[in-house]
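Visitor: You'll find target_23.cif just under this line, and it carries mmCIF, N, CA and C atoms.
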```
data_work
#
loop_
_atom_site.group_PDB
_atom_site.id
_atom_site.type_symbol
_atom_site.label_atom_id
_atom_site.label_comp_id
_atom_site.auth_asym_id
_atom_site.auth_seq_id
_atom_site.Cartn_x
_atom_site.Cartn_y
_atom_site.Cartn_z
ATOM 1 N N MET U 1 43.897 51.844 72.797
ATOM 2 C CA MET U 1 44.772 51.703 71.646
ATOM 3 C C MET U 1 43.928 51.300 70.443
ATOM 4 N N PRO U 2 43.905 52.104 69.434
ATOM 5 C CA PRO U 2 42.999 51.831 68.316
ATOM 6 C C PRO U 2 43.394 50.641 67.450
ATOM 7 N N PHE U 3 44.640 50.210 67.478
ATOM 8 C CA PHE U 3 45.079 49.157 66.577
ATOM 9 C C PHE U 3 45.071 47.778 67.208
ATOM 10 N N PHE U 4 44.758 47.665 68.474
ATOM 11 C CA PHE U 4 44.764 46.395 69.176
ATOM 12 C C PHE U 4 43.405 46.137 69.811
ATOM 13 N N ASP U 5 43.022 44.867 69.859
ATOM 14 C CA ASP U 5 41.854 44.508 70.668
ATOM 15 C C ASP U 5 42.194 44.820 72.112
ATOM 16 N N ASP U 6 41.170 45.061 72.936
ATOM 17 C CA ASP U 6 41.411 45.385 74.348
ATOM 18 C C ASP U 6 42.231 44.307 75.045
ATOM 19 N N PHE U 7 41.974 43.051 74.707
ATOM 20 C CA PHE U 7 42.705 41.949 75.328
ATOM 21 C C PHE U 7 44.208 42.086 75.101
ATOM 22 N N TYR U 8 44.621 42.348 73.853
ATOM 23 C CA TYR U 8 46.040 42.465 73.530
ATOM 24 C C TYR U 8 46.635 43.782 74.022
ATOM 25 N N ALA U 9 45.846 44.836 74.008
ATOM 26 C CA ALA U 9 46.334 46.111 74.534
ATOM 27 C C ALA U 9 46.636 45.988 76.024
ATOM 28 N N ASP U 10 45.764 45.294 76.772
ATOM 29 C CA ASP U 10 46.021 45.085 78.201
ATOM 30 C C ASP U 10 47.259 44.235 78.421
ATOM 31 N N LYS U 11 47.504 43.277 77.553
ATOM 32 C CA LYS U 11 48.723 42.469 77.667
ATOM 33 C C LYS U 11 49.962 43.338 77.491
ATOM 34 N N LEU U 12 49.920 44.271 76.544
ATOM 35 C CA LEU U 12 51.057 45.166 76.315
ATOM 36 C C LEU U 12 51.274 46.100 77.495
ATOM 37 N N ARG U 13 50.191 46.568 78.098
ATOM 38 C CA ARG U 13 50.294 47.500 79.209
ATOM 39 C C ARG U 13 50.669 46.803 80.507
ATOM 40 N N GLY U 14 50.408 45.520 80.574
ATOM 41 C CA GLY U 14 50.636 44.790 81.817
ATOM 42 C C GLY U 14 49.293 44.451 82.428
ATOM 43 N N GLY U 15 49.185 43.270 82.975
ATOM 44 C CA GLY U 15 47.898 42.816 83.463
ATOM 45 C C GLY U 15 47.552 43.280 84.860
ATOM 46 N N LEU U 16 48.490 43.827 85.585
ATOM 47 C CA LEU U 16 48.215 44.215 86.969
ATOM 48 C C LEU U 16 47.458 45.526 87.004
ATOM 49 N N GLY U 17 46.309 45.506 87.654
ATOM 50 C CA GLY U 17 45.479 46.694 87.691
ATOM 51 C C GLY U 17 45.055 47.069 89.087
ATOM 52 N N ARG U 18 44.094 47.940 89.132
ATOM 53 C CA ARG U 18 43.601 48.512 90.381
ATOM 54 C C ARG U 18 43.161 47.436 91.376
ATOM 55 N N ASP U 19 42.491 46.398 90.897
ATOM 56 C CA ASP U 19 42.009 45.337 91.783
ATOM 57 C C ASP U 19 43.133 44.483 92.352
ATOM 58 N N ASP U 20 44.292 44.488 91.714
ATOM 59 C CA ASP U 20 45.434 43.697 92.178
ATOM 60 C C ASP U 20 46.260 44.422 93.242
ATOM 61 N N ALA U 21 46.081 45.720 93.353
ATOM 62 C CA ALA U 21 46.879 46.525 94.290
ATOM 63 C C ALA U 21 46.342 46.399 95.712
ATOM 64 N N GLU U 22 47.242 46.481 96.657
ATOM 65 C CA GLU U 22 46.853 46.453 98.070
ATOM 66 C C GLU U 22 46.265 47.794 98.509
ATOM 67 N N ALA U 23 46.643 48.867 97.824
ATOM 68 C CA ALA U 23 46.134 50.203 98.153
ATOM 69 C C ALA U 23 45.997 51.016 96.868
ATOM 70 N N VAL U 24 45.159 52.030 96.923
ATOM 71 C CA VAL U 24 44.949 52.919 95.780
ATOM 72 C C VAL U 24 45.203 54.349 96.244
ATOM 73 N N ILE U 25 46.012 55.071 95.481
ATOM 74 C CA ILE U 25 46.251 56.489 95.737
ATOM 75 C C ILE U 25 45.604 57.255 94.587
ATOM 76 N N ASP U 26 44.638 58.053 94.901
ATOM 77 C CA ASP U 26 43.891 58.784 93.888
ATOM 78 C C ASP U 26 44.399 60.222 93.824
ATOM 79 N N LEU U 27 45.132 60.528 92.769
ATOM 80 C CA LEU U 27 45.672 61.875 92.576
ATOM 81 C C LEU U 27 44.833 62.681 91.587
ATOM 82 N N ARG U 28 43.684 62.132 91.191
ATOM 83 C CA ARG U 28 42.816 62.848 90.256
ATOM 84 C C ARG U 28 42.297 64.124 90.922
ATOM 85 N N GLY U 29 42.392 65.217 90.200
ATOM 86 C CA GLY U 29 41.928 66.501 90.708
ATOM 87 C C GLY U 29 42.945 67.237 91.566
ATOM 88 N N LYS U 30 44.085 66.635 91.824
ATOM 89 C CA LYS U 30 45.119 67.287 92.649
ATOM 90 C C LYS U 30 45.988 68.182 91.771
ATOM 91 N N VAL U 31 46.522 69.237 92.378
ATOM 92 C CA VAL U 31 47.487 70.077 91.676
ATOM 93 C C VAL U 31 48.855 69.395 91.735
ATOM 94 N N ARG U 32 49.720 69.795 90.850
ATOM 95 C CA ARG U 32 51.021 69.138 90.722
ATOM 96 C C ARG U 32 51.818 69.112 92.030
ATOM 97 N N LEU U 33 51.900 70.235 92.725
ATOM 98 C CA LEU U 33 52.702 70.296 93.951
ATOM 99 C C LEU U 33 52.179 69.338 95.025
ATOM 100 N N ASP U 34 50.851 69.250 95.168
ATOM 101 C CA ASP U 34 50.271 68.333 96.146
ATOM 102 C C ASP U 34 50.545 66.881 95.759
ATOM 103 N N ALA U 35 50.397 66.577 94.481
ATOM 104 C CA ALA U 35 50.634 65.211 94.004
ATOM 105 C C ALA U 35 52.093 64.815 94.212
ATOM 106 N N GLU U 36 53.016 65.711 93.873
ATOM 107 C CA GLU U 36 54.439 65.411 94.053
ATOM 108 C C GLU U 36 54.787 65.231 95.527
ATOM 109 N N ALA U 37 54.238 66.061 96.398
ATOM 110 C CA ALA U 37 54.506 65.941 97.832
ATOM 111 C C ALA U 37 53.993 64.604 98.362
ATOM 112 N N HIS U 38 52.826 64.206 97.910
ATOM 113 C CA HIS U 38 52.250 62.929 98.335
ATOM 114 C C HIS U 38 53.133 61.760 97.887
ATOM 115 N N LEU U 39 53.583 61.816 96.637
ATOM 116 C CA LEU U 39 54.437 60.736 96.117
ATOM 117 C C LEU U 39 55.809 60.713 96.779
ATOM 118 N N LEU U 40 56.379 61.882 97.022
ATOM 119 C CA LEU U 40 57.678 61.925 97.694
ATOM 120 C C LEU U 40 57.590 61.316 99.093
ATOM 121 N N ALA U 41 56.511 61.606 99.804
ATOM 122 C CA ALA U 41 56.320 61.012 101.131
ATOM 123 C C ALA U 41 56.210 59.494 101.021
ATOM 124 N N LEU U 42 55.500 59.022 100.008
ATOM 125 C CA LEU U 42 55.368 57.580 99.798
ATOM 126 C C LEU U 42 56.712 56.945 99.477
ATOM 127 N N LEU U 43 57.468 57.555 98.572
ATOM 128 C CA LEU U 43 58.749 56.991 98.148
ATOM 129 C C LEU U 43 59.812 57.068 99.229
ATOM 130 N N GLU U 44 59.735 58.088 100.075
ATOM 131 C CA GLU U 44 60.710 58.226 101.153
ATOM 132 C C GLU U 44 60.328 57.404 102.376
ATOM 133 N N GLY U 45 59.151 56.792 102.336
ATOM 134 C CA GLY U 45 58.736 55.920 103.428
ATOM 135 C C GLY U 45 58.272 56.644 104.664
ATOM 136 N N ARG U 46 57.935 57.940 104.534
ATOM 137 C CA ARG U 46 57.425 58.674 105.696
ATOM 138 C C ARG U 46 56.076 58.090 106.095
ATOM 139 N N GLY U 47 55.934 57.776 107.338
ATOM 140 C CA GLY U 47 54.700 57.166 107.823
ATOM 141 C C GLY U 47 54.685 55.664 107.601
ATOM 142 N N GLY U 48 55.827 55.111 107.196
ATOM 143 C CA GLY U 48 55.891 53.671 106.944
ATOM 144 C C GLY U 48 55.270 53.327 105.606
ATOM 145 N N ARG U 49 55.529 52.142 105.157
ATOM 146 C CA ARG U 49 54.949 51.665 103.907
ATOM 147 C C ARG U 49 54.379 50.277 104.186
ATOM 148 N N PRO U 50 53.151 50.224 104.680
ATOM 149 C CA PRO U 50 52.583 48.953 105.090
ATOM 150 C C PRO U 50 52.126 48.057 103.940
ATOM 151 N N VAL U 51 52.160 48.558 102.715
ATOM 152 C CA VAL U 51 51.691 47.766 101.580
ATOM 153 C C VAL U 51 52.831 47.464 100.621
ATOM 154 N N ARG U 52 52.651 46.437 99.840
ATOM 155 C CA ARG U 52 53.656 46.030 98.856
ATOM 156 C C ARG U 52 53.347 46.600 97.467
ATOM 157 N N SER U 53 52.067 46.848 97.175
ATOM 158 C CA SER U 53 51.703 47.360 95.851
ATOM 159 C C SER U 53 50.647 48.453 95.957
ATOM 160 N N VAL U 54 50.747 49.417 95.038
ATOM 161 C CA VAL U 54 49.858 50.572 95.041
ATOM 162 C C VAL U 54 49.453 50.888 93.608
ATOM 163 N N ALA U 55 48.180 51.188 93.412
ATOM 164 C CA ALA U 55 47.710 51.727 92.136
ATOM 165 C C ALA U 55 47.588 53.240 92.318
ATOM 166 N N ILE U 56 48.223 53.986 91.432
ATOM 167 C CA ILE U 56 48.189 55.446 91.491
ATOM 168 C C ILE U 56 47.343 55.937 90.324
ATOM 169 N N LEU U 57 46.262 56.623 90.623
ATOM 170 C CA LEU U 57 45.333 57.110 89.606
ATOM 171 C C LEU U 57 45.588 58.581 89.324
ATOM 172 N N ILE U 58 45.615 58.936 88.024
ATOM 173 C CA ILE U 58 45.787 60.338 87.632
ATOM 174 C C ILE U 58 44.749 60.682 86.566
ATOM 175 N N ASP U 59 44.513 61.962 86.397
ATOM 176 C CA ASP U 59 43.542 62.427 85.405
ATOM 177 C C ASP U 59 44.082 62.236 83.992
ATOM 178 N N PRO U 60 43.219 61.817 83.059
ATOM 179 C CA PRO U 60 43.639 61.769 81.656
ATOM 180 C C PRO U 60 43.659 63.169 81.052
ATOM 181 N N ALA U 61 44.340 63.296 79.946
ATOM 182 C CA ALA U 61 44.384 64.578 79.241
ATOM 183 C C ALA U 61 43.042 64.831 78.553
ATOM 184 N N THR U 62 42.660 66.083 78.513
ATOM 185 C CA THR U 62 41.477 66.516 77.773
ATOM 186 C C THR U 62 41.907 67.675 76.877
ATOM 187 N N PRO U 63 41.091 68.069 75.939
ATOM 188 C CA PRO U 63 41.486 69.181 75.072
ATOM 189 C C PRO U 63 41.781 70.479 75.818
ATOM 190 N N THR U 64 41.227 70.650 77.015
ATOM 191 C CA THR U 64 41.432 71.895 77.758
ATOM 192 C C THR U 64 42.222 71.711 79.051
ATOM 193 N N SER U 65 42.759 70.511 79.292
ATOM 194 C CA SER U 65 43.389 70.243 80.590
ATOM 195 C C SER U 65 44.778 70.833 80.760
ATOM 196 N N GLY U 66 45.467 71.117 79.678
ATOM 197 C CA GLY U 66 46.846 71.578 79.816
ATOM 198 C C GLY U 66 47.734 70.417 80.233
ATOM 199 N N GLU U 67 48.790 70.722 80.981
ATOM 200 C CA GLU U 67 49.709 69.672 81.417
ATOM 201 C C GLU U 67 49.032 68.751 82.429
ATOM 202 N N THR U 68 49.223 67.449 82.251
ATOM 203 C CA THR U 68 48.671 66.475 83.196
ATOM 204 C C THR U 68 49.761 66.061 84.175
ATOM 205 N N LEU U 69 49.404 65.192 85.106
ATOM 206 C CA LEU U 69 50.366 64.685 86.084
ATOM 207 C C LEU U 69 51.179 63.504 85.554
ATOM 208 N N PHE U 70 50.913 63.055 84.327
ATOM 209 C CA PHE U 70 51.574 61.863 83.816
ATOM 210 C C PHE U 70 53.097 61.977 83.860
ATOM 211 N N GLN U 71 53.659 63.034 83.302
ATOM 212 C CA GLN U 71 55.118 63.178 83.290
ATOM 213 C C GLN U 71 55.714 63.410 84.672
ATOM 214 N N PRO U 72 55.201 64.335 85.470
ATOM 215 C CA PRO U 72 55.820 64.542 86.790
ATOM 216 C C PRO U 72 55.729 63.306 87.681
ATOM 217 N N VAL U 73 54.583 62.639 87.685
ATOM 218 C CA VAL U 73 54.431 61.426 88.497
ATOM 219 C C VAL U 73 55.329 60.326 87.959
ATOM 220 N N GLY U 74 55.330 60.150 86.645
ATOM 221 C CA GLY U 74 56.181 59.137 86.034
ATOM 222 C C GLY U 74 57.656 59.362 86.322
ATOM 223 N N ARG U 75 58.096 60.605 86.274
ATOM 224 C CA ARG U 75 59.507 60.905 86.569
ATOM 225 C C ARG U 75 59.873 60.564 88.015
ATOM 226 N N LEU U 76 58.999 60.911 88.949
ATOM 227 C CA LEU U 76 59.268 60.591 90.355
ATOM 228 C C LEU U 76 59.330 59.078 90.570
ATOM 229 N N LEU U 77 58.419 58.358 89.935
ATOM 230 C CA LEU U 77 58.407 56.904 90.089
ATOM 231 C C LEU U 77 59.627 56.263 89.422
ATOM 232 N N LEU U 78 60.022 56.764 88.254
ATOM 233 C CA LEU U 78 61.233 56.242 87.600
ATOM 234 C C LEU U 78 62.479 56.523 88.434
ATOM 235 N N ASP U 79 62.529 57.693 89.051
ATOM 236 C CA ASP U 79 63.641 57.994 89.944
ATOM 237 C C ASP U 79 63.653 57.028 91.129
ATOM 238 N N GLY U 80 62.471 56.724 91.659
ATOM 239 C CA GLY U 80 62.375 55.738 92.737
ATOM 240 C C GLY U 80 62.834 54.366 92.298
ATOM 241 N N LYS U 81 62.553 54.014 91.064
ATOM 242 C CA LYS U 81 63.007 52.722 90.522
ATOM 243 C C LYS U 81 64.526 52.702 90.404
ATOM 244 N N ARG U 82 65.103 53.782 89.936
ATOM 245 C CA ARG U 82 66.570 53.867 89.825
ATOM 246 C C ARG U 82 67.246 53.767 91.186
ATOM 247 N N ARG U 83 66.606 54.325 92.208
ATOM 248 C CA ARG U 83 67.175 54.298 93.559
ATOM 249 C C ARG U 83 66.879 52.995 94.301
ATOM 250 N N GLY U 84 66.076 52.119 93.703
ATOM 251 C CA GLY U 84 65.760 50.845 94.340
ATOM 252 C C GLY U 84 64.593 50.904 95.307
ATOM 253 N N VAL U 85 63.907 52.041 95.358
ATOM 254 C CA VAL U 85 62.751 52.194 96.234
ATOM 255 C C VAL U 85 61.516 51.538 95.603
ATOM 256 N N VAL U 86 61.473 51.511 94.275
ATOM 257 C CA VAL U 86 60.389 50.890 93.520
ATOM 258 C C VAL U 86 60.951 49.663 92.823
ATOM 259 N N GLU U 87 60.285 48.529 93.004
ATOM 260 C CA GLU U 87 60.735 47.288 92.366
ATOM 261 C C GLU U 87 60.201 47.162 90.941
ATOM 262 N N ARG U 88 58.897 47.403 90.769
ATOM 263 C CA ARG U 88 58.260 47.321 89.450
ATOM 264 C C ARG U 88 57.359 48.526 89.250
ATOM 265 N N LEU U 89 57.281 48.958 88.001
ATOM 266 C CA LEU U 89 56.465 50.109 87.641
ATOM 267 C C LEU U 89 55.793 49.810 86.312
ATOM 268 N N LEU U 90 54.468 49.784 86.313
ATOM 269 C CA LEU U 90 53.711 49.471 85.105
ATOM 270 C C LEU U 90 52.581 50.479 84.919
ATOM 271 N N PRO U 91 52.202 50.748 83.678
ATOM 272 C CA PRO U 91 50.992 51.548 83.483
ATOM 273 C C PRO U 91 49.770 50.696 83.825
ATOM 274 N N LEU U 92 48.721 51.330 84.296
ATOM 275 C CA LEU U 92 47.484 50.609 84.580
ATOM 276 C C LEU U 92 46.811 50.198 83.275
ATOM 277 N N PRO U 93 46.093 49.082 83.277
ATOM 278 C CA PRO U 93 45.332 48.715 82.089
ATOM 279 C C PRO U 93 44.237 49.743 81.803
ATOM 280 N N ALA U 94 43.802 49.823 80.563
ATOM 281 C CA ALA U 94 42.818 50.833 80.146
ATOM 282 C C ALA U 94 41.538 50.761 80.969
ATOM 283 N N ARG U 95 41.136 49.584 81.390
ATOM 284 C CA ARG U 95 39.878 49.434 82.136
ATOM 285 C C ARG U 95 39.921 50.183 83.476
ATOM 286 N N ASP U 96 41.122 50.463 83.992
ATOM 287 C CA ASP U 96 41.270 51.128 85.283
ATOM 288 C C ASP U 96 41.510 52.626 85.166
ATOM 289 N N GLY U 97 41.597 53.133 83.972
ATOM 290 C CA GLY U 97 41.874 54.550 83.780
ATOM 291 C C GLY U 97 43.367 54.804 83.692
ATOM 292 N N LEU U 98 43.741 56.058 83.705
ATOM 293 C CA LEU U 98 45.144 56.427 83.573
ATOM 294 C C LEU U 98 45.842 56.359 84.924
ATOM 295 N N GLY U 99 47.030 55.796 84.931
ATOM 296 C CA GLY U 99 47.783 55.716 86.171
ATOM 297 C C GLY U 99 48.881 54.683 86.115
ATOM 298 N N PHE U 100 49.422 54.371 87.279
ATOM 299 C CA PHE U 100 50.558 53.463 87.386
ATOM 300 C C PHE U 100 50.286 52.393 88.441
ATOM 301 N N PHE U 101 50.848 51.219 88.223
ATOM 302 C CA PHE U 101 50.840 50.151 89.217
ATOM 303 C C PHE U 101 52.267 50.050 89.725
ATOM 304 N N VAL U 102 52.457 50.233 91.032
ATOM 305 C CA VAL U 102 53.784 50.278 91.623
ATOM 306 C C VAL U 102 53.932 49.136 92.627
ATOM 307 N N VAL U 103 55.060 48.410 92.510
ATOM 308 C CA VAL U 103 55.377 47.355 93.472
ATOM 309 C C VAL U 103 56.650 47.764 94.185
ATOM 310 N N PHE U 104 56.607 47.721 95.507
ATOM 311 C CA PHE U 104 57.755 48.059 96.328
ATOM 312 C C PHE U 104 58.523 46.807 96.696
ATOM 313 N N PRO U 105 59.828 46.915 96.958
ATOM 314 C CA PRO U 105 60.609 45.753 97.390
ATOM 315 C C PRO U 105 60.048 45.166 98.688
ATOM 316 N N ALA U 106 60.244 43.895 98.871
ATOM 317 C CA ALA U 106 59.772 43.234 100.092
ATOM 318 C C ALA U 106 60.507 43.806 101.292
ATOM 319 N N GLN U 107 59.779 44.020 102.369
ATOM 320 C CA GLN U 107 60.386 44.516 103.607
ATOM 321 C C GLN U 107 61.093 43.368 104.301
ATOM 322 N N SER U 108 62.262 43.619 104.843
ATOM 323 C CA SER U 108 62.964 42.554 105.571
ATOM 324 C C SER U 108 62.993 42.807 107.050
#
```
Would you mind writing the file's structure down as structure tokens?

Guide:
Amino acid sequence: MPFFDDFYADKLRGGLGRDDAEAVIDLRGKVRLDAEAHLLALLEGRGGRPVRSVAILIDPATPTSGETLFQPVGRLLLDGKRRGVVERLLPLPARDGLGFFVVFPAQS
């Protein structure tokens, strides 16, 4: 963010980053269909969900990249939040690259 010091920009984005997550899902370099299938499996709990928090990494936009995964991944995660499958959803701080920090509800 050009108008904020990194310290304040990270505060706006949320302080939880890659190092705070119990697991990391790296979707960089994946095509949209593969990324969506991976996220749907995660949100539907296929294979269990042994972790409480996940950092999801996606590729940043470049002048030649075309559409990125930001919108499709964000939409799936927001839908999960609406359904109660996702408890918290935050963008990753700039130091961790582009992506999301996701917290799932506690298992009972």

Visitor: Quick check for you: according to DSSP on this backbone, which residues of stretch 54-89 of chain U are classed as strand (DSSP E)? Reply as a ChimeraX atom specification.

Guide: /U:54-57,88-89

Visitor: Limited to N, CA and C atoms, could you put the picked residues into a file as a short mmCIF file (atom, residue, chain, number, x, y, z; two decimals), in the frame of the given file?

Guide:
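Contents of again-v6.cif, as written:
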```
data_model
loop_
_atom_site.label_atom_id
_atom_site.label_comp_id
_atom_site.auth_asym_id
_atom_site.auth_seq_id
_atom_site.Cartn_x
_atom_site.Cartn_y
_atom_site.Cartn_z
N VAL U 54 50.75 49.42 95.04
CA VAL U 54 49.86 50.57 95.04
C VAL U 54 49.45 50.89 93.61
N ALA U 55 48.18 51.19 93.41
CA ALA U 55 47.71 51.73 92.14
C ALA U 55 47.59 53.24 92.32
N ILE U 56 48.22 53.99 91.43
CA ILE U 56 48.19 55.45 91.49
C ILE U 56 47.34 55.94 90.32
N LEU U 57 46.26 56.62 90.62
CA LEU U 57 45.33 57.11 89.61
C LEU U 57 45.59 58.58 89.32
N ARG U 88 58.90 47.40 90.77
CA ARG U 88 58.26 47.32 89.45
C ARG U 88 57.36 48.53 89.25
N LEU U 89 57.28 48.96 88.00
CA LEU U 89 56.46 50.11 87.64
C LEU U 89 55.79 49.81 86.31
#
```

Visitor: Figure out the distance between atom CA of U:Gly29 and atom N of U:Pro60, please, to one decimal in Å.

Guide: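 Atom-to-atom, atom N of U:Pro60 and atom CA of U:Gly29 are spaced 9.1 Å apart.
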
Visitor: What's the 8 Å shell around U:Arg88, counting only N, CA and C atoms, without same-chain residues fewer than 5 positions away, as a VMD selection string?

Guide: chain U and resid 81 101 to 105

Visitor: Determine the residue set returned by the PyMOL selection byres (((chain U and resi 38 and name CA) around 12) and name CA) for the present structure, and present it as a list in words.

Guide: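 Selection result, ordered by chain and number: Ile25, Asp26, Leu27, Lys30, Val31, Arg32, Leu33, Asp34, Ala35, Glu36, Ala37, Leu39, Leu40, Ala41, Leu42, Leu43, Glu44, Gly45, Arg46, Gly47, Ile56, Val73, Leu76 and Leu77 of chain U.
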
Visitor: Kindly give the distance, in Å, that separates atom CA of U:Phe70 and atom N of U:Phe100, rounded to a single decimal.

Guide: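 Separating atom CA of U:Phe70 from atom N of U:Phe100 is a distance of 8.5 Å.
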
Visitor: Rebuild stretch 15-23 of chain U so that it carries all heavy atoms, then output the result as a PDB file, keeping the file's coordinate frame.

Guide:
```pdb
ATOM      1  N   GLY U  15      49.185  43.270  82.975  1.00  0.00           N
ATOM      2  CA  GLY U  15      47.898  42.816  83.463  1.00  0.00           C
ATOM      3  C   GLY U  15      47.552  43.280  84.860  1.00  0.00           C
ATOM      4  O   GLY U  15      46.428  43.125  85.302  1.00  0.00           O
ATOM      5  N   LEU U  16      48.490  43.827  85.585  1.00  0.00           N
ATOM      6  CA  LEU U  16      48.215  44.215  86.969  1.00  0.00           C
ATOM      7  C   LEU U  16      47.458  45.526  87.004  1.00  0.00           C
ATOM      8  O   LEU U  16      47.887  46.528  86.449  1.00  0.00           O
ATOM      9  CB  LEU U  16      49.521  44.337  87.756  1.00  0.00           C
ATOM     10  CG  LEU U  16      50.313  43.045  87.902  1.00  0.00           C
ATOM     11  CD1 LEU U  16      51.651  43.313  88.546  1.00  0.00           C
ATOM     12  CD2 LEU U  16      49.526  42.034  88.704  1.00  0.00           C
ATOM     13  N   GLY U  17      46.309  45.506  87.654  1.00  0.00           N
ATOM     14  CA  GLY U  17      45.479  46.694  87.691  1.00  0.00           C
ATOM     15  C   GLY U  17      45.055  47.069  89.087  1.00  0.00           C
ATOM     16  O   GLY U  17      45.576  46.562  90.084  1.00  0.00           O
ATOM     17  N   ARG U  18      44.094  47.940  89.132  1.00  0.00           N
ATOM     18  CA  ARG U  18      43.601  48.512  90.381  1.00  0.00           C
ATOM     19  C   ARG U  18      43.161  47.436  91.376  1.00  0.00           C
ATOM     20  O   ARG U  18      43.423  47.538  92.562  1.00  0.00           O
ATOM     21  CB  ARG U  18      42.446  49.443  90.033  1.00  0.00           C
ATOM     22  CG  ARG U  18      41.894  50.204  91.147  1.00  0.00           C
ATOM     23  CD  ARG U  18      40.800  51.120  90.629  1.00  0.00           C
ATOM     24  NE  ARG U  18      40.328  51.962  91.692  1.00  0.00           N
ATOM     25  CZ  ARG U  18      39.567  53.004  91.510  1.00  0.00           C
ATOM     26  NH1 ARG U  18      39.189  53.332  90.309  1.00  0.00           N
ATOM     27  NH2 ARG U  18      39.187  53.725  92.527  1.00  0.00           N
ATOM     28  N   ASP U  19      42.491  46.398  90.897  1.00  0.00           N
ATOM     29  CA  ASP U  19      42.009  45.337  91.783  1.00  0.00           C
ATOM     30  C   ASP U  19      43.133  44.483  92.352  1.00  0.00           C
ATOM     31  O   ASP U  19      42.949  43.804  93.358  1.00  0.00           O
ATOM     32  CB  ASP U  19      41.015  44.438  91.045  1.00  0.00           C
ATOM     33  CG  ASP U  19      39.728  45.176  90.681  1.00  0.00           C
ATOM     34  OD1 ASP U  19      39.428  46.200  91.330  1.00  0.00           O
ATOM     35  OD2 ASP U  19      39.039  44.735  89.752  1.00  0.00           O
ATOM     36  N   ASP U  20      44.292  44.488  91.714  1.00  0.00           N
ATOM     37  CA  ASP U  20      45.434  43.697  92.178  1.00  0.00           C
ATOM     38  C   ASP U  20      46.260  44.422  93.242  1.00  0.00           C
ATOM     39  O   ASP U  20      47.070  43.807  93.925  1.00  0.00           O
ATOM     40  CB  ASP U  20      46.349  43.342  90.999  1.00  0.00           C
ATOM     41  CG  ASP U  20      45.610  42.564  89.932  1.00  0.00           C
ATOM     42  OD1 ASP U  20      45.035  41.507  90.269  1.00  0.00           O
ATOM     43  OD2 ASP U  20      45.608  43.010  88.774  1.00  0.00           O
ATOM     44  N   ALA U  21      46.081  45.720  93.353  1.00  0.00           N
ATOM     45  CA  ALA U  21      46.879  46.525  94.290  1.00  0.00           C
ATOM     46  C   ALA U  21      46.342  46.399  95.712  1.00  0.00           C
ATOM     47  O   ALA U  21      45.140  46.249  95.926  1.00  0.00           O
ATOM     48  CB  ALA U  21      46.863  47.990  93.867  1.00  0.00           C
ATOM     49  N   GLU U  22      47.242  46.481  96.657  1.00  0.00           N
ATOM     50  CA  GLU U  22      46.853  46.453  98.070  1.00  0.00           C
ATOM     51  C   GLU U  22      46.265  47.794  98.509  1.00  0.00           C
ATOM     52  O   GLU U  22      45.511  47.847  99.475  1.00  0.00           O
ATOM     53  CB  GLU U  22      48.057  46.113  98.943  1.00  0.00           C
ATOM     54  CG  GLU U  22      48.567  44.701  98.752  1.00  0.00           C
ATOM     55  CD  GLU U  22      49.794  44.419  99.595  1.00  0.00           C
ATOM     56  OE1 GLU U  22      49.886  44.936 100.723  1.00  0.00           O
ATOM     57  OE2 GLU U  22      50.672  43.691  99.105  1.00  0.00           O
ATOM     58  N   ALA U  23      46.643  48.867  97.824  1.00  0.00           N
ATOM     59  CA  ALA U  23      46.134  50.203  98.153  1.00  0.00           C
ATOM     60  C   ALA U  23      45.997  51.016  96.868  1.00  0.00           C
ATOM     61  O   ALA U  23      46.633  50.709  95.863  1.00  0.00           O
ATOM     62  CB  ALA U  23      47.084  50.917  99.110  1.00  0.00           C
TER      63      ALA U  23
END
```
